[in-house]
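Structure file protein00.txt (compact mmCIF, C-alpha atoms and all ligand atoms) follows.
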# COMPACT_ATOMS: atom_id res chain seq x y z
CA MET A 1 -28.46 16.72 10.57
CA GLU A 2 -31.09 14.00 10.98
CA GLY A 3 -34.50 13.78 9.29
CA ILE A 4 -37.19 11.33 8.14
CA SER A 5 -37.55 10.22 4.54
CA ALA A 6 -41.12 10.72 3.28
CA GLU A 7 -40.76 7.70 0.99
CA THR A 8 -39.64 5.13 3.53
CA ALA A 9 -40.37 6.72 6.90
CA GLU A 10 -36.76 5.86 7.63
CA GLU A 11 -34.47 8.15 9.57
CA THR A 12 -32.08 9.94 7.20
CA PHE A 13 -28.77 11.70 7.64
CA GLU A 14 -27.02 14.48 5.77
CA VAL A 15 -23.68 13.23 4.48
CA GLU A 16 -21.07 15.70 3.28
CA LEU A 17 -17.84 14.58 1.72
CA THR A 18 -15.34 15.49 -0.98
CA VAL A 19 -15.62 13.46 -4.15
CA ASN A 20 -13.01 13.92 -6.86
CA GLY A 21 -12.04 17.24 -5.32
CA VAL A 22 -15.60 18.59 -5.20
CA HIS A 23 -17.63 19.09 -2.05
CA ARG A 24 -20.79 16.97 -2.31
CA GLY A 25 -23.71 16.24 -0.04
CA ALA A 26 -26.73 13.95 0.06
CA ARG A 27 -29.43 12.92 2.51
CA VAL A 28 -29.41 9.17 3.01
CA PRO A 29 -30.70 6.46 5.33
CA ALA A 30 -28.11 5.05 7.74
CA ARG A 31 -27.95 1.78 5.80
CA ARG A 32 -27.16 3.44 2.43
CA LEU A 33 -23.96 1.95 1.07
CA LEU A 34 -21.15 4.17 -0.16
CA SER A 35 -21.42 2.47 -3.57
CA ASP A 36 -25.10 3.45 -3.76
CA LEU A 37 -24.39 6.99 -2.60
CA LEU A 38 -21.85 7.36 -5.41
CA ARG A 39 -23.88 5.67 -8.14
CA HIS A 40 -27.42 6.69 -7.30
CA ASP A 41 -27.29 9.88 -5.26
CA LEU A 42 -24.24 11.48 -6.88
CA ARG A 43 -24.69 9.84 -10.34
CA LEU A 44 -21.07 8.71 -10.52
CA THR A 45 -21.81 5.43 -12.24
CA GLY A 46 -18.18 4.67 -13.11
CA THR A 47 -17.92 2.78 -9.84
CA HIS A 48 -19.25 -0.66 -10.65
CA VAL A 49 -21.00 -3.11 -8.38
CA GLY A 50 -20.47 -6.81 -8.98
CA CYS A 51 -20.85 -9.07 -5.97
CA GLU A 52 -21.94 -6.58 -3.28
CA HIS A 53 -20.14 -8.83 -0.80
CA GLY A 54 -16.59 -7.48 -0.81
CA VAL A 55 -15.31 -10.29 -3.03
CA CYS A 56 -14.84 -8.91 -6.55
CA GLY A 57 -13.27 -5.48 -6.02
CA CYS A 58 -15.30 -3.85 -8.84
CA CYS A 59 -16.59 -1.21 -6.44
CA THR A 60 -13.12 -0.14 -5.24
CA VAL A 61 -12.65 3.60 -4.72
CA LEU A 62 -9.99 5.55 -2.85
CA LEU A 63 -10.83 6.86 0.62
CA ASP A 64 -8.20 9.41 1.64
CA GLY A 65 -5.97 7.70 -0.92
CA GLU A 66 -6.49 4.15 0.35
CA PRO A 67 -8.44 1.60 -1.68
CA VAL A 68 -11.73 0.55 -0.07
CA ARG A 69 -14.65 -1.55 -1.20
CA SER A 70 -17.52 0.89 -1.42
CA CYS A 71 -20.07 -1.96 -1.22
CA LEU A 72 -18.87 -2.76 2.30
CA MET A 73 -18.98 0.74 3.67
CA PHE A 74 -21.92 2.82 4.79
CA ALA A 75 -22.21 6.23 3.19
CA VAL A 76 -22.41 7.90 6.60
CA THR A 77 -19.01 6.42 7.50
CA ALA A 78 -17.46 8.30 4.59
CA ALA A 79 -18.70 11.67 5.84
CA GLY A 80 -15.88 14.20 6.03
CA HIS A 81 -13.51 12.06 3.98
CA GLU A 82 -12.03 12.46 0.51
CA ILE A 83 -13.19 9.94 -2.05
CA THR A 84 -11.66 9.42 -5.47
CA THR A 85 -13.66 7.42 -7.97
CA VAL A 86 -12.60 6.36 -11.46
CA GLU A 87 -14.11 9.63 -12.74
CA GLY A 88 -11.51 11.50 -10.68
CA LEU A 89 -8.38 9.74 -11.95
CA ALA A 90 -7.98 11.76 -15.15
CA ALA A 91 -6.76 15.36 -15.09
CA PRO A 92 -9.45 18.08 -15.05
CA ASP A 93 -8.95 18.59 -18.81
CA GLY A 94 -9.66 14.92 -19.43
CA THR A 95 -6.04 13.81 -19.92
CA MET A 96 -5.87 10.20 -18.80
CA SER A 97 -3.73 9.31 -15.81
CA PRO A 98 -0.66 7.12 -16.43
CA VAL A 99 -2.56 4.12 -15.06
CA GLN A 100 -5.45 4.73 -17.45
CA ARG A 101 -3.05 5.22 -20.37
CA ALA A 102 -1.18 2.04 -19.54
CA PHE A 103 -4.40 -0.01 -19.39
CA GLN A 104 -5.40 1.37 -22.77
CA GLU A 105 -1.97 0.77 -24.31
CA CYS A 106 -1.57 -2.76 -22.96
CA HIS A 107 -5.17 -3.89 -23.47
CA GLY A 108 -5.70 -4.32 -19.74
CA LEU A 109 -9.45 -4.49 -20.23
CA GLN A 110 -11.96 -6.37 -22.30
CA CYS A 111 -15.53 -5.94 -21.18
CA GLY A 112 -14.30 -3.24 -18.85
CA PHE A 113 -16.66 -4.04 -16.00
CA CYS A 114 -13.87 -4.64 -13.50
CA THR A 115 -11.67 -1.85 -14.89
CA PRO A 116 -12.68 1.05 -12.59
CA GLY A 117 -11.83 -1.08 -9.56
CA PHE A 118 -8.49 -2.11 -11.05
CA LEU A 119 -7.63 1.48 -11.98
CA CYS A 120 -8.28 2.70 -8.43
CA THR A 121 -6.44 -0.24 -6.85
CA VAL A 122 -3.43 0.13 -9.14
CA THR A 123 -3.28 3.90 -8.62
CA ALA A 124 -2.96 3.31 -4.87
CA LEU A 125 -0.57 0.37 -5.35
CA LEU A 126 1.87 2.41 -7.42
CA ARG A 127 1.79 5.32 -5.01
CA GLU A 128 2.81 2.91 -2.25
CA THR A 129 5.18 0.79 -4.37
CA PRO A 130 6.34 2.81 -7.40
CA ASP A 131 8.47 0.05 -8.89
CA PRO A 132 6.75 -3.22 -8.02
CA THR A 133 8.04 -6.68 -8.83
CA ASP A 134 5.74 -9.03 -10.71
CA GLU A 135 4.97 -10.78 -7.41
CA GLU A 136 4.03 -7.45 -5.82
CA ILE A 137 1.80 -6.63 -8.79
CA VAL A 138 0.01 -9.97 -8.60
CA GLU A 139 -0.37 -9.62 -4.85
CA GLY A 140 -1.50 -5.99 -5.26
CA VAL A 141 -4.33 -6.82 -7.65
CA SER A 142 -5.28 -10.13 -6.07
CA GLY A 143 -8.37 -8.61 -4.45
CA ASN A 144 -9.84 -7.63 -7.83
CA LEU A 145 -11.53 -10.20 -10.01
CA CYS A 146 -11.65 -10.03 -13.80
CA ARG A 147 -13.76 -12.55 -15.64
CA CYS A 148 -12.23 -12.10 -19.06
CA THR A 149 -8.59 -11.08 -19.43
CA GLY A 150 -6.71 -13.84 -17.66
CA TYR A 151 -4.78 -11.03 -15.91
CA GLN A 152 -1.75 -11.12 -18.24
CA ASN A 153 -2.55 -7.79 -19.81
CA ILE A 154 -3.52 -6.30 -16.49
CA VAL A 155 -0.11 -7.21 -15.05
CA LYS A 156 1.53 -5.76 -18.19
CA SER A 157 -0.52 -2.59 -17.74
CA VAL A 158 0.68 -2.18 -14.17
CA ARG A 159 4.30 -2.61 -15.28
CA ARG A 160 3.74 -0.02 -18.01
CA ALA A 161 2.04 2.39 -15.60
CA ALA A 162 5.07 2.12 -13.31
CA GLU A 163 7.30 3.02 -16.30
CA LEU A 164 5.06 5.99 -17.06
CA GLY A 165 5.69 7.25 -13.54
CA ALA A 166 2.21 6.68 -12.16
CA SER A 167 3.37 7.29 -8.61
CA ARG A 168 4.87 10.70 -9.26
CA PRO A 169 2.29 13.41 -8.74
CA GLY A 170 2.71 16.37 -11.06
CA GLU A 171 4.34 14.31 -13.79
CA GLU A 172 1.21 12.52 -14.78
CA GLU A 173 0.63 14.41 -17.99
CA SER A 174 4.22 14.16 -19.28
S1 LIG B 201 -19.16 -5.14 -5.50
FE1 LIG B 201 -17.91 -4.58 -3.88
S2 LIG B 201 -16.41 -6.13 -3.79
FE2 LIG B 201 -17.79 -6.80 -5.33
S1 LIG B 202 -12.48 -6.84 -18.31
FE1 LIG B 202 -14.33 -7.90 -18.09
S2 LIG B 202 -14.42 -8.47 -16.00
FE2 LIG B 202 -12.51 -7.57 -16.25
Write out the structure in this file as structure tokens.
Amino acid sequence: MEGISAETAEETFEVELTVNGVHRGARVPARRLLSDLLRHDLRLTGTHVGCEHGVCGCCTVLLDGEPVRSCLMFAVTAAGHEITTVEGLAAPDGTMSPVQRAFQECHGLQCGFCTPGFLCTVTALLRETPDPTDEEIVEGVSGNLCRCTGYQNIVKSVRRAAELGASRPGEEES
């Protein structure tokens, strides 16, 4: 449904989507980015914004299971789709996913700014390629930039997440 925002006199649109398994809705201008919808309208601030140009990967979320850069997508384009943000990776009782556990165990983060993007990217990577080679891991995370870890511990974390069975749904809490 269309409308006009009183604040900006801009045409607005009702966007409904599923975020982390919950039906959510917001009224936004057509140019609202998905990253802004998540962070500002839905208050899911775990999704980080670094470059806003599709370069750093910090804003990566899963759209119907596929990693996308939420800073490059309009919120209205996500209408009707399922989004998973970093807040949705853990089990409902707060138990960390295998990818989250592996990053914690292997020190795959330092300042943590890039971590939500890595966690989403790696979750999708391991679903697609459950037992990746080191080359596949490096290739898989090459779209995400980290300014502090030198990537060694991130690669280790991905290996460990694969050992923990990150790709096997239903076994995540074992
Ligand atoms: S903030 Fe989206 S890729 Fe950098
Ligand atoms: S842990 Fe700091 S940017 Fe990656």
### Task
Check which residues fall inside 8 Å of ligand LIG 201 (chain B) when counting only C-alpha atoms and all ligand atoms, and print them as a list in words.
Ser35, His48, Val49, Gly50, Cys51, Glu52, His53, Gly54, Val55, Cys56, Gly57, Cys58, Cys59, Thr60, Arg69, Ser70, Cys71, Leu72 and Asn144 of chain A
### Message
What residues of the protein or nucleic acid chains come within 10 Å of ligand LIG 202 (chain B) when you use all atoms listed in the file? Reply as a list in words.
### Response
Gly50, Cys56, Cys58, His107, Gly108, Leu109, Gln110, Cys111, Gly112, Phe113, Cys114, Thr115, Pro116, Gly117, Phe118, Asn144, Leu145, Cys146, Arg147, Cys148, Thr149, Gly150, Tyr151 and Ile154 of chain A
First collect every listed atom of segment 15-24 of chain A; then fit an axis-aligned box around them, widen it by 5 Å on each side, and give centre and edge lengths in Å to one decimal, as AutoDock Vina command-line options.
--center_x -17.9 --center_y 16.2 --center_z -1.2 --size_x 21.6 --size_y 15.9 --size_z 21.3
### Task
Tell me, in Å to one decimal, how far atom CA of Met73 of chain A is from atom CA of Thr123 of chain A.
20.2 Å
### Message
Just to confirm, what's the straight-line distance from atom CA of Asn153 of chain A to atom CA of Cys120 of chain A in Å (one decimal)?
### Response
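If I compute the distance from atom CA of Asn153 of chain A to atom CA of Cys120 of chain A, I get 16.5 Å.
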Closest pair table for segment 46-89 of chain A residues within 12 Å of segment 10-17 of chain A, all atoms listed in the file, as CSV:
residue,atom,partner,partner_atom,distance
A:Leu63,CA,A:Leu17,CA,10.5
A:Asp64,CA,A:Leu17,CA,10.9
A:Phe74,CA,A:Val15,CA,10.6
A:Ala75,CA,A:Val15,CA,7.3
A:Val76,CA,A:Val15,CA,5.9
A:Thr77,CA,A:Val15,CA,8.8
A:Ala78,CA,A:Leu17,CA,6.9
A:Ala79,CA,A:Leu17,CA,5.1
A:Gly80,CA,A:Leu17,CA,4.7
A:His81,CA,A:Leu17,CA,5.5
A:Glu82,CA,A:Leu17,CA,6.3
A:Ile83,CA,A:Leu17,CA,7.6
A:Thr84,CA,A:Leu17,CA,10.8
## Note on the structure
Between A:Arg159, A:Arg27, A:Arg32, A:Arg39, smallest distance to Glu136 of chain A by only C-alpha atoms belongs to A:Arg159
### Query
For Asp134 of chain A, which residue out of A:Leu38, A:Leu119, A:Val158, A:Leu164 is the nearest one, using all atoms listed in the file?
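Smallest distance to Asp134 of chain A is found for A:Val158.
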### Task
Go through A:Ala161, A:Ala102, A:Met96, A:Val68 and flag the residue nearest Gly143 of chain A, using only C-alpha atoms for the distances.
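Of all the options, A:Val68 lies closest to Gly143 of chain A.
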### Task
Please indicate the distance in Å from atom CA of Pro98 of chain A to atom CA of Leu42 of chain A, rounded to one decimal place.
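Taking atom CA of Pro98 of chain A and atom CA of Leu42 of chain A, their separation equals 25.8 Å.
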### Query
Looking at A:Ala162, A:Ala90, A:Val155, A:Val61, which one is nearest to Thr121 of chain A, with distances taken over only C-alpha atoms?
A:Val61
### Task
Fewer than 5 positions away in the same chain doesn't count, so skip those; otherwise give me all residues within 8 Å of Val122 of chain A, counting only C-alpha atoms, as an MDAnalysis selection string.
chainID A and resid 99 140:141 158
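Among the candidate residues A:Ser142, A:Leu44, A:Leu37, A:Pro92, the one lying nearest to Gly21 of chain A is A:Pro92, with distances computed using all atoms listed in the file.
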